[in-house]
$ cat final-v3.pdb   # PDB, C-alpha atoms
ATOM      1  CA  MET A   1      83.125  28.067 153.172
ATOM      2  CA  TYR A   2      79.834  29.573 152.009
ATOM      3  CA  LYS A   3      77.303  28.453 149.447
ATOM      4  CA  VAL A   4      75.632  30.940 147.122
ATOM      5  CA  THR A   5      72.291  29.925 148.620
ATOM      6  CA  ASP A   6      73.603  30.938 152.062
ATOM      7  CA  LEU A   7      74.366  34.431 150.783
ATOM      8  CA  THR A   8      70.864  34.894 149.383
ATOM      9  CA  LYS A   9      69.461  34.539 152.904
ATOM     10  CA  ARG A  10      71.662  37.227 154.457
ATOM     11  CA  ASP A  11      70.897  40.916 154.789
ATOM     12  CA  ILE A  12      73.329  43.143 152.897
ATOM     13  CA  VAL A  13      73.997  46.204 155.076
ATOM     14  CA  ASN A  14      75.945  49.314 154.104
ATOM     15  CA  ILE A  15      78.186  50.439 156.979
ATOM     16  CA  LYS A  16      78.140  54.047 155.669
ATOM     17  CA  ASP A  17      74.533  54.604 156.743
ATOM     18  CA  GLY A  18      73.258  51.299 158.163
ATOM     19  CA  SER A  19      70.796  50.772 155.317
ATOM     20  CA  LYS A  20      69.706  47.325 154.158
ATOM     21  CA  LEU A  21      70.435  47.127 150.454
ATOM     22  CA  GLY A  22      68.524  43.993 149.472
ATOM     23  CA  ALA A  23      69.256  40.368 148.685
ATOM     24  CA  VAL A  24      72.098  38.803 146.702
ATOM     25  CA  THR A  25      70.707  37.692 143.358
ATOM     26  CA  ASP A  26      73.854  37.049 141.353
ATOM     27  CA  MET A  27      77.649  37.137 141.340
ATOM     28  CA  HIS A  28      80.282  38.261 138.858
ATOM     29  CA  PHE A  29      83.256  35.971 138.231
ATOM     30  CA  ASP A  30      86.638  36.416 136.607
ATOM     31  CA  LEU A  31      86.716  33.547 134.124
ATOM     32  CA  ASN A  32      90.512  33.488 134.029
ATOM     33  CA  THR A  33      91.010  33.073 137.773
ATOM     34  CA  GLY A  34      87.653  31.630 138.835
ATOM     35  CA  ARG A  35      87.388  34.254 141.580
ATOM     36  CA  ILE A  36      84.304  36.197 142.542
ATOM     37  CA  THR A  37      84.690  39.865 141.575
ATOM     38  CA  ALA A  38      81.341  41.292 142.715
ATOM     39  CA  LEU A  39      77.994  40.563 144.363
ATOM     40  CA  VAL A  40      74.820  41.691 142.640
ATOM     41  CA  VAL A  41      72.086  42.859 144.998
ATOM     42  CA  ALA A  42      68.492  43.414 143.931
ATOM     43  CA  GLN A  43      67.498  46.688 145.531
ATOM     44  CA  SER A  44      63.764  46.848 145.937
ATOM     45  CA  ARG A  45      61.167  49.354 146.981
ATOM     46  CA  LYS A  46      57.687  48.132 147.690
ATOM     47  CA  MET A  47      54.993  49.756 145.622
ATOM     48  CA  GLY A  48      51.750  47.992 146.446
ATOM     49  CA  LEU A  49      52.124  44.363 145.417
ATOM     50  CA  LEU A  50      54.773  45.149 142.826
ATOM     51  CA  ARG A  51      58.426  45.797 143.483
ATOM     52  CA  ALA A  52      60.491  48.278 141.561
ATOM     53  CA  GLY A  53      64.184  48.922 141.837
ATOM     54  CA  LYS A  54      67.537  48.312 140.256
ATOM     55  CA  ASP A  55      70.495  46.073 140.811
ATOM     56  CA  ILE A  56      73.506  47.213 142.805
ATOM     57  CA  VAL A  57      76.868  45.722 141.848
ATOM     58  CA  ILE A  58      79.144  45.586 144.892
ATOM     59  CA  PRO A  59      82.815  45.008 144.039
ATOM     60  CA  TRP A  60      84.415  42.228 146.079
ATOM     61  CA  ASP A  61      86.935  44.618 147.639
ATOM     62  CA  ARG A  62      84.042  46.666 149.125
ATOM     63  CA  ILE A  63      82.814  43.725 151.228
ATOM     64  CA  VAL A  64      83.875  44.336 154.820
ATOM     65  CA  LYS A  65      82.629  41.286 156.737
ATOM     66  CA  PHE A  66      80.552  38.148 156.320
ATOM     67  CA  GLY A  67      78.479  37.549 159.429
ATOM     68  CA  VAL A  68      76.059  34.793 160.395
ATOM     69  CA  HIS A  69      72.991  36.786 159.298
ATOM     70  CA  THR A  70      74.493  39.836 157.614
ATOM     71  CA  VAL A  71      77.068  40.858 155.028
ATOM     72  CA  LEU A  72      78.587  44.288 155.732
ATOM     73  CA  VAL A  73      79.635  46.379 152.753
ATOM     74  CA  ASP A  74      81.163  49.841 152.381
ATOM     75  CA  ILE A  75      79.699  51.659 149.375
ATOM     76  CA  ASP A  76      78.707  55.250 148.612
TER      77      ASP A  76
END

$ encode --input "final-v3.pdb" --output "structure tokens"
Amino acid sequence: MYKVTDLTKRDIVNIKDGSKLGAVTDMHFDLNTGRITALVVAQSRKMGLLRAGKDIVIPWDRIVKFGVHTVLVDID
């Protein structure tokens, strides 16, 4: 079993190109079933001291593997 705080510490890596996508900042839930439907990742690009970017919503069925330090996803 994982805690949400555990997921925020893991790198989210896309298996398509090996890129690190960012950190988990939120989750989407189905209120009828109580199941997680997606992870929200804050994609960031460093610009000086400020960060700019947008959120990536990764559907639950696109998550390939939860590892000790990494979550592998398969997105375009």

$ resolve_selection --input "final-v3.pdb" --expression "the PyMOL selection byres ((chain A and resi 38) around 10)" --output "number ranges by chain"
A: 26-30, 35-37, 39-41, 56-63

$ residues_around --input "final-v3.pdb" --residues "Val71 (chain A)" --least-positions-apart "3" --cutoff "8 Å" --atoms "only C-alpha atoms" --output "VMD selection string"
chain A and resid 10 to 13 63 to 67

$ atom_distance --input "final-v3.pdb" --atom1 "CA of Tyr2 (chain A)" --atom2 "CA of Lys16 (chain A)"
24.8 Å

$ closest_residue --input "final-v3.pdb" --among "A:Val24, A:Ile15, A:Ala42, A:Leu7" --to "Val73 (chain A)" --atoms "all atoms listed in the file"
A:Ile15

$ atom_distance --input "final-v3.pdb" --atom1 "CA of Asp17 (chain A)" --atom2 "CA of Lys3 (chain A)"
27.3 Å

$ atom_distance --input "final-v3.pdb" --atom1 "CA of Val4 (chain A)" --atom2 "CA of Lys54 (chain A)"
20.4 Å

$ closest_residue --input "final-v3.pdb" --among "A:Gln43, A:Thr5, A:Asn32, A:His69" --to "Ser19 (chain A)" --atoms "all atoms listed in the file"
A:Gln43

$ resolve_selection --input "final-v3.pdb" --expression "the PyMOL selection byres ((chain A and resi 76) around 9)" --output "list in words"
Asn14, Lys16, Asp74 and Ile75 of chain A
